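Engineer: Okay, so here is entry.tsv, and as you'll see once you scroll down, it has TSV, C-alpha atoms.
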chain	number	residue	atom	x	y	z
A	1	MET	CA	17.06	41.84	10.18
A	2	ALA	CA	18.99	40.10	12.99
A	3	PRO	CA	17.50	42.17	15.89
A	4	LEU	CA	14.01	41.42	14.59
A	5	LEU	CA	14.67	37.67	14.44
A	6	ASP	CA	16.05	37.71	17.99
A	7	ARG	CA	12.52	38.25	19.39
A	8	ARG	CA	10.46	35.35	20.67
A	9	LEU	CA	7.33	36.33	18.69
A	10	ILE	CA	6.78	38.26	15.44
A	11	PHE	CA	3.21	39.23	14.61
A	12	VAL	CA	2.72	39.89	10.87
A	13	THR	CA	-0.42	41.84	9.94
A	14	GLY	CA	-1.67	44.39	7.39
A	15	LYS	CA	-4.47	44.93	4.91
A	16	GLY	CA	-5.88	41.81	3.29
A	17	GLY	CA	-4.21	40.80	0.04
A	18	VAL	CA	-0.86	42.51	0.61
A	19	GLY	CA	1.12	39.27	0.94
A	20	LYS	CA	1.26	38.63	4.70
A	21	THR	CA	1.49	34.87	4.28
A	22	THR	CA	4.39	35.17	1.81
A	23	VAL	CA	6.26	37.55	4.12
A	24	ALA	CA	5.66	35.35	7.19
A	25	ALA	CA	6.94	32.29	5.32
A	26	ALA	CA	9.98	34.19	4.03
A	27	LEU	CA	10.83	35.40	7.54
A	28	GLY	CA	10.51	31.84	8.80
A	29	LEU	CA	12.85	30.51	6.12
A	30	ALA	CA	15.39	33.26	6.83
A	31	ALA	CA	15.35	32.56	10.57
A	32	ALA	CA	15.58	28.79	10.11
A	33	ARG	CA	18.51	29.13	7.73
A	34	ALA	CA	20.17	31.37	10.32
A	35	GLY	CA	20.07	28.42	12.71
A	36	LYS	CA	16.94	29.20	14.74
A	37	ARG	CA	14.23	26.66	15.46
A	38	VAL	CA	11.12	28.36	14.05
A	39	VAL	CA	7.40	27.79	13.77
A	40	VAL	CA	5.27	29.85	11.40
A	41	CYS	CA	1.75	29.89	12.78
A	42	GLU	CA	-1.49	30.84	11.03
A	43	VAL	CA	-4.85	31.36	12.65
A	44	ALA	CA	-8.52	30.73	11.85
A	45	ASP	CA	-7.76	27.28	10.40
A	46	GLN	CA	-6.77	28.69	6.99
A	47	GLU	CA	-4.05	26.16	6.01
A	48	ARG	CA	-2.56	28.54	3.42
A	49	LEU	CA	0.98	27.96	4.65
A	50	THR	CA	0.95	24.20	4.12
A	51	ALA	CA	-0.48	24.76	0.64
A	52	ALA	CA	2.33	27.25	-0.10
A	53	PHE	CA	4.85	24.52	0.72
A	54	GLY	CA	2.96	21.99	-1.44
A	55	LEU	CA	1.67	20.01	1.56
A	56	PRO	CA	-1.83	18.82	2.51
A	57	ALA	CA	-3.68	20.45	5.38
A	58	ALA	CA	-2.01	19.46	8.65
A	59	GLY	CA	-4.71	20.28	11.17
A	60	PHE	CA	-3.91	21.19	14.76
A	61	ARG	CA	-0.36	19.84	14.84
A	62	GLU	CA	3.17	21.11	14.32
A	63	VAL	CA	4.63	19.97	10.99
A	64	GLU	CA	8.30	20.21	10.03
A	65	VAL	CA	8.71	21.32	6.41
A	66	GLU	CA	12.49	21.62	6.41
A	67	ARG	CA	15.28	21.55	8.96
A	68	CYS	CA	14.41	23.90	11.87
A	69	LEU	CA	11.23	25.17	10.18
A	70	ASN	CA	7.76	24.07	11.30
A	71	LEU	CA	4.22	25.11	10.40
A	72	PHE	CA	1.17	25.18	12.64
A	73	SER	CA	-2.47	26.14	12.07
A	74	VAL	CA	-4.61	27.29	15.01
A	75	ASN	CA	-8.36	26.83	14.96
A	76	PRO	CA	-10.46	28.03	17.91
A	77	GLU	CA	-12.21	24.69	18.46
A	78	ASP	CA	-9.01	22.69	19.02
A	79	ALA	CA	-7.38	25.57	20.89
A	80	THR	CA	-10.36	25.69	23.27
A	81	ALA	CA	-10.26	21.91	23.81
A	82	GLU	CA	-6.54	22.09	24.57
A	83	TRP	CA	-7.07	25.01	26.96
A	84	LEU	CA	-9.67	22.93	28.83
A	85	ARG	CA	-7.20	20.04	29.16
A	86	PHE	CA	-4.59	22.41	30.58
A	87	GLN	CA	-7.07	23.84	33.10
A	88	LEU	CA	-8.75	20.59	34.15
A	89	HIS	CA	-5.64	18.35	33.94
A	90	SER	CA	-7.78	15.57	32.48
A	91	ARG	CA	-8.46	14.72	28.85
A	92	THR	CA	-11.60	12.77	29.82
A	93	LEU	CA	-13.04	15.56	31.98
A	94	ALA	CA	-12.14	18.15	29.36
A	95	GLY	CA	-14.02	16.10	26.77
A	96	LEU	CA	-17.11	15.92	28.95
A	97	VAL	CA	-17.09	19.65	29.68
A	98	GLY	CA	-16.27	20.64	26.11
A	99	GLY	CA	-19.07	18.45	24.76
A	100	SER	CA	-21.70	19.78	27.11
A	101	ARG	CA	-24.58	21.88	25.78
A	102	VAL	CA	-23.76	24.77	28.11
A	103	PHE	CA	-20.16	24.94	26.93
A	104	GLN	CA	-21.25	25.00	23.28
A	105	TYR	CA	-22.97	28.33	23.94
A	106	LEU	CA	-19.94	29.83	25.69
A	107	PRO	CA	-18.36	31.44	22.60
A	108	THR	CA	-21.63	33.29	21.97
A	109	ALA	CA	-21.99	34.31	25.61
A	110	ALA	CA	-18.34	35.41	25.85
A	111	PRO	CA	-17.43	37.45	22.76
A	112	GLY	CA	-13.72	37.38	22.09
A	113	LEU	CA	-13.20	33.87	23.50
A	114	ALA	CA	-12.03	32.57	20.10
A	115	GLU	CA	-9.41	35.34	19.94
A	116	MET	CA	-8.33	34.66	23.54
A	117	VAL	CA	-7.75	30.92	23.12
A	118	THR	CA	-6.05	31.55	19.77
A	119	ILE	CA	-3.56	34.08	21.13
A	120	GLY	CA	-3.16	31.84	24.19
A	121	LYS	CA	-1.99	29.02	21.92
A	122	VAL	CA	0.38	31.39	20.10
A	123	TRP	CA	1.81	32.40	23.50
A	124	GLU	CA	2.21	28.72	24.47
A	125	LEU	CA	4.19	28.06	21.28
A	126	ALA	CA	6.55	30.91	22.20
A	127	GLN	CA	7.39	29.63	25.69
A	128	LEU	CA	10.71	28.02	26.49
A	129	GLU	CA	8.82	25.62	28.78
A	130	ARG	CA	5.93	24.33	26.68
A	131	LYS	CA	2.67	23.15	28.24
A	132	THR	CA	2.04	20.75	25.37
A	133	PRO	CA	3.35	17.33	26.48
A	134	SER	CA	6.69	16.31	24.88
A	135	ALA	CA	6.76	19.48	22.75
A	136	ALA	CA	10.17	21.02	22.12
A	137	PRO	CA	10.60	24.81	22.50
A	138	TYR	CA	11.07	27.18	19.58
A	139	ASP	CA	13.51	30.06	19.30
A	140	LEU	CA	10.99	32.09	17.31
A	141	VAL	CA	7.25	32.05	16.56
A	142	ILE	CA	6.05	33.99	13.50
A	143	VAL	CA	2.30	34.58	13.23
A	144	ASP	CA	0.64	34.99	9.85
A	145	ALA	CA	-2.05	37.11	11.49
A	146	PRO	CA	-5.46	38.15	10.15
A	147	ALA	CA	-5.96	41.50	8.43
A	148	THR	CA	-5.50	44.65	10.48
A	149	GLY	CA	-8.79	44.86	12.41
A	150	HIS	CA	-8.92	41.19	13.38
A	151	GLY	CA	-5.19	41.24	14.06
A	152	LEU	CA	-5.68	44.04	16.58
A	153	ALA	CA	-8.53	42.07	18.18
A	154	LEU	CA	-6.16	39.14	18.73
A	155	LEU	CA	-3.56	41.35	20.38
A	156	ARG	CA	-6.21	43.09	22.51
A	157	ALA	CA	-7.93	39.88	23.73
A	158	PRO	CA	-5.73	39.15	26.79
A	159	ARG	CA	-6.19	42.63	28.30
A	160	THR	CA	-9.94	42.45	27.63
A	161	PHE	CA	-10.26	39.13	29.46
A	162	ALA	CA	-7.99	40.27	32.29
A	163	ASP	CA	-10.26	43.28	32.79
A	164	ILE	CA	-13.41	41.13	32.69
A	165	ALA	CA	-12.12	38.42	35.03
A	166	ARG	CA	-10.54	40.90	37.50
A	167	VAL	CA	-9.32	38.11	39.82
A	168	GLY	CA	-8.57	34.40	39.65
A	169	PRO	CA	-6.64	32.14	37.25
A	170	ILE	CA	-8.12	33.57	34.04
A	171	ASN	CA	-7.13	37.08	35.11
A	172	ARG	CA	-3.59	35.93	35.98
A	173	GLN	CA	-3.08	33.97	32.78
A	174	ALA	CA	-4.48	36.76	30.59
A	175	GLY	CA	-2.23	39.25	32.36
A	176	ILE	CA	0.86	37.09	31.71
A	177	ILE	CA	0.02	36.79	28.00
A	178	ASP	CA	-0.75	40.51	27.73
A	179	ALA	CA	2.60	41.44	29.31
A	180	PHE	CA	4.43	39.11	26.90
A	181	LEU	CA	2.72	40.69	23.88
A	182	ARG	CA	3.50	44.24	25.05
A	183	ASP	CA	7.14	43.58	25.88
A	184	PRO	CA	9.26	44.95	22.97
A	185	GLY	CA	12.05	42.60	24.01
A	186	THR	CA	9.95	39.51	23.28
A	187	THR	CA	7.33	40.57	20.72
A	188	ALA	CA	7.45	42.63	17.53
A	189	VAL	CA	4.50	43.68	15.37
A	190	ILE	CA	5.26	44.32	11.71
A	191	ALA	CA	2.94	45.48	8.96
A	192	VAL	CA	3.00	44.39	5.34
A	193	ALA	CA	1.79	46.95	2.80
A	194	LEU	CA	1.73	47.72	-0.89
A	195	ALA	CA	2.75	51.07	-2.36
A	196	GLU	CA	-0.90	51.96	-2.88
A	197	GLU	CA	-3.23	54.42	-1.16
A	198	MET	CA	-5.49	52.02	0.75
A	199	PRO	CA	-2.78	49.72	2.17
A	200	VAL	CA	-0.68	52.72	3.17
A	201	GLY	CA	-3.67	54.38	4.85
A	202	GLU	CA	-4.54	51.20	6.75
A	203	THR	CA	-0.92	50.82	7.87
A	204	LEU	CA	-0.89	54.37	9.27
A	205	ASP	CA	-4.14	53.62	11.10
A	206	LEU	CA	-2.65	50.39	12.47
A	207	GLU	CA	0.36	52.27	13.83
A	208	ARG	CA	-1.91	54.78	15.60
A	209	ARG	CA	-4.25	52.16	17.06
A	210	LEU	CA	-1.40	49.97	18.28
A	211	ARG	CA	0.07	52.92	20.15
A	212	ASP	CA	-3.20	54.37	21.47
A	213	ASP	CA	-5.08	51.15	22.30
A	214	LEU	CA	-2.29	48.79	23.30
A	215	GLY	CA	0.75	50.92	24.07
A	216	VAL	CA	2.72	49.00	21.43
A	217	GLU	CA	4.93	50.50	18.74
A	218	LEU	CA	4.85	49.18	15.19
A	219	GLU	CA	8.30	47.62	14.76
A	220	ARG	CA	8.59	48.13	11.01
A	221	VAL	CA	6.72	48.18	7.71
A	222	LEU	CA	7.61	45.82	4.86
A	223	VAL	CA	6.45	47.13	1.48
A	224	ASN	CA	5.71	44.21	-0.82
A	225	ALA	CA	5.75	43.96	-4.64
A	226	LEU	CA	7.80	47.10	-5.31
A	227	LEU	CA	8.85	47.60	-8.91
A	228	PRO	CA	12.59	47.96	-9.64
A	229	ASP	CA	13.96	51.50	-9.43
A	230	ARG	CA	14.73	52.05	-13.13
A	231	LEU	CA	15.28	55.81	-13.00
A	232	HIS	CA	17.86	57.80	-11.04
A	233	GLY	CA	17.93	61.45	-10.06
A	234	SER	CA	19.69	62.55	-13.22
A	235	ASP	CA	17.12	60.69	-15.34
A	236	ALA	CA	14.22	62.39	-13.57
A	237	ASN	CA	15.89	65.80	-14.02
A	238	ALA	CA	16.39	65.12	-17.73
A	239	ILE	CA	12.71	64.12	-18.15
A	240	ALA	CA	11.57	67.23	-16.27
A	241	ALA	CA	13.81	69.44	-18.43
A	242	ALA	CA	12.53	67.86	-21.65
A	243	ALA	CA	8.90	68.37	-20.56
A	244	SER	CA	9.36	72.05	-19.77
Could you show the structure in this file as structure tokens?
Structural biologist:
Amino acid sequence: MAPLLDRRLIFVTGKGGVGKTTVAAALGLAAARAGKRVVVCEVADQERLTAAFGLPAAGFREVEVERCLNLFSVNPEDATAEWLRFQLHSRTLAGLVGGSRVFQYLPTAAPGLAEMVTIGKVWELAQLERKTPSAAPYDLVIVDAPATGHGLALLRAPRTFADIARVGPINRQAGIIDAFLRDPGTTAVIAVALAEEMPVGETLDLERRLRDDLGVELERVLVNALLPDRLHGSDANAIAAAAS
């Protein structure tokens, strides 16, 4: 477990309903209790993590739930507004641009923008020099990511935007984020599965698509909700002998 927790970013994905949120929270607790300063981050404004810790929805802010362990929920609207502030260096100007009619149509005109600003915020959380004013750095960011297909879209977004932009600041920033996500020394992708046909099949497909589409290896698979191993080899042999 230690080599996994030494990364800067752990991306937890898998088929819906396999327990990704529980695994992400458990990894966060383990890392925090090992002395790391950790944030467990969820996307799409779901607020399941705060509910799991018995807390009300926190919105777009980092909330400490116990020593060294924080929670954060990313929603595309606030992530986009923050990105504008970073780019324009003015809260007032960012508010004017973000509130304009033209900008409201941008997510429709630029498919994948929500994924890009979301993964951009995840990247910002994982930096030792944070862009967010007065924000302290984390040793580890754990992402409770969407189910497999949407999770892959998040990981793919920086390369897509780098290819579209070709030159300029958006291209450079997207390239930096993409390199961070693909670096096995900084980022690990793990899959959560159940010992059932559909989750196993989706996990195998995830492994293939990560390698083929992104050049990233699946770090490991965590199989959730396994029943205790009540029979040993000798027991199985005895049952087989009795049935013959």
Engineer: Rounded to one decimal, what separation in Å do you get between atom CA of A:Pro199 and atom CA of A:Lys15?
Structural biologist: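 Those two atoms sit 5.8 Å apart.
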Engineer: Residues at most 10 Å from stretch 156-168 of chain A, counting all atoms listed in the file, excluding those fewer than 6 positions away in the same chain, as a list in words?
Structural biologist: Ala110, Pro111, Gly112, Leu113, Ala114, Glu115, Met116, Val117, Thr118, Ile119, Gly120, His150, Ala174, Gly175, Ile176, Ile177, Asp178, Ala179, Leu181, Leu210, Asp213 and Leu214 of chain A
Engineer: For A:Phe11, please output as number ranges by chain all residues within 12 Å (counting only C-alpha atoms; exclusion window: fewer than 4 positions along the same chain).
Structural biologist: A: 4-5, 7, 20-21, 23-24, 27-28, 40-43, 119, 122-123, 126, 140-148, 151-152, 154-155, 181-182, 184, 186-192, 216, 218-221
Engineer: Measuring between only C-alpha atoms, which one of A:Ala243, A:Leu125, A:Ala135, A:Val12 shows the shortest distance to A:Leu206?
Structural biologist: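 Closest candidate: A:Val12.
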Engineer: Looking at all atoms listed in the file, which of A:Glu202, A:Gly185, A:Ala225, A:Thr13 is the one that sits closest to A:Ala153?
Structural biologist: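 Nearest to A:Ala153: A:Thr13.
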Engineer: Can you list, as a PyMOL selection string, every protein, DNA or RNA residue that comes within 9 Å of A:Arg37 when you count only C-alpha atoms, leaving out same-chain residues fewer than 4 positions away?
Structural biologist: chain A and resi 31-32+67-70+137-141
Engineer: Identify which of the residues A:Gly233, A:Lys36, A:Val74, A:Ile170 lies closest to A:Leu49, counting all atoms listed in the file when measuring atom-to-atom distances.
Structural biologist: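 The answer is A:Val74, which sits nearest to A:Leu49.
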Engineer: Report the distance between atom CA of A:Thr80 and atom CA of A:Leu9 in Å, rounded to one decimal place.
Structural biologist: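 Value for the atom CA of A:Thr80-atom CA of A:Leu9 distance: 21.1 Å.
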Engineer: Tell me, in Å to one decimal, how far atom CA of A:Thr22 is from atom CA of A:Leu231.
Structural biologist: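 We find that atom CA of A:Thr22 and atom CA of A:Leu231 lie 27.6 Å from each other.
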Engineer: Which of these residues is nearest to A:Pro133, using all atoms listed in the file: A:Arg211, A:Val39, A:Arg33, A:Arg85?
Structural biologist: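 Ranked by minimum distance to A:Pro133, first place goes to A:Arg85.
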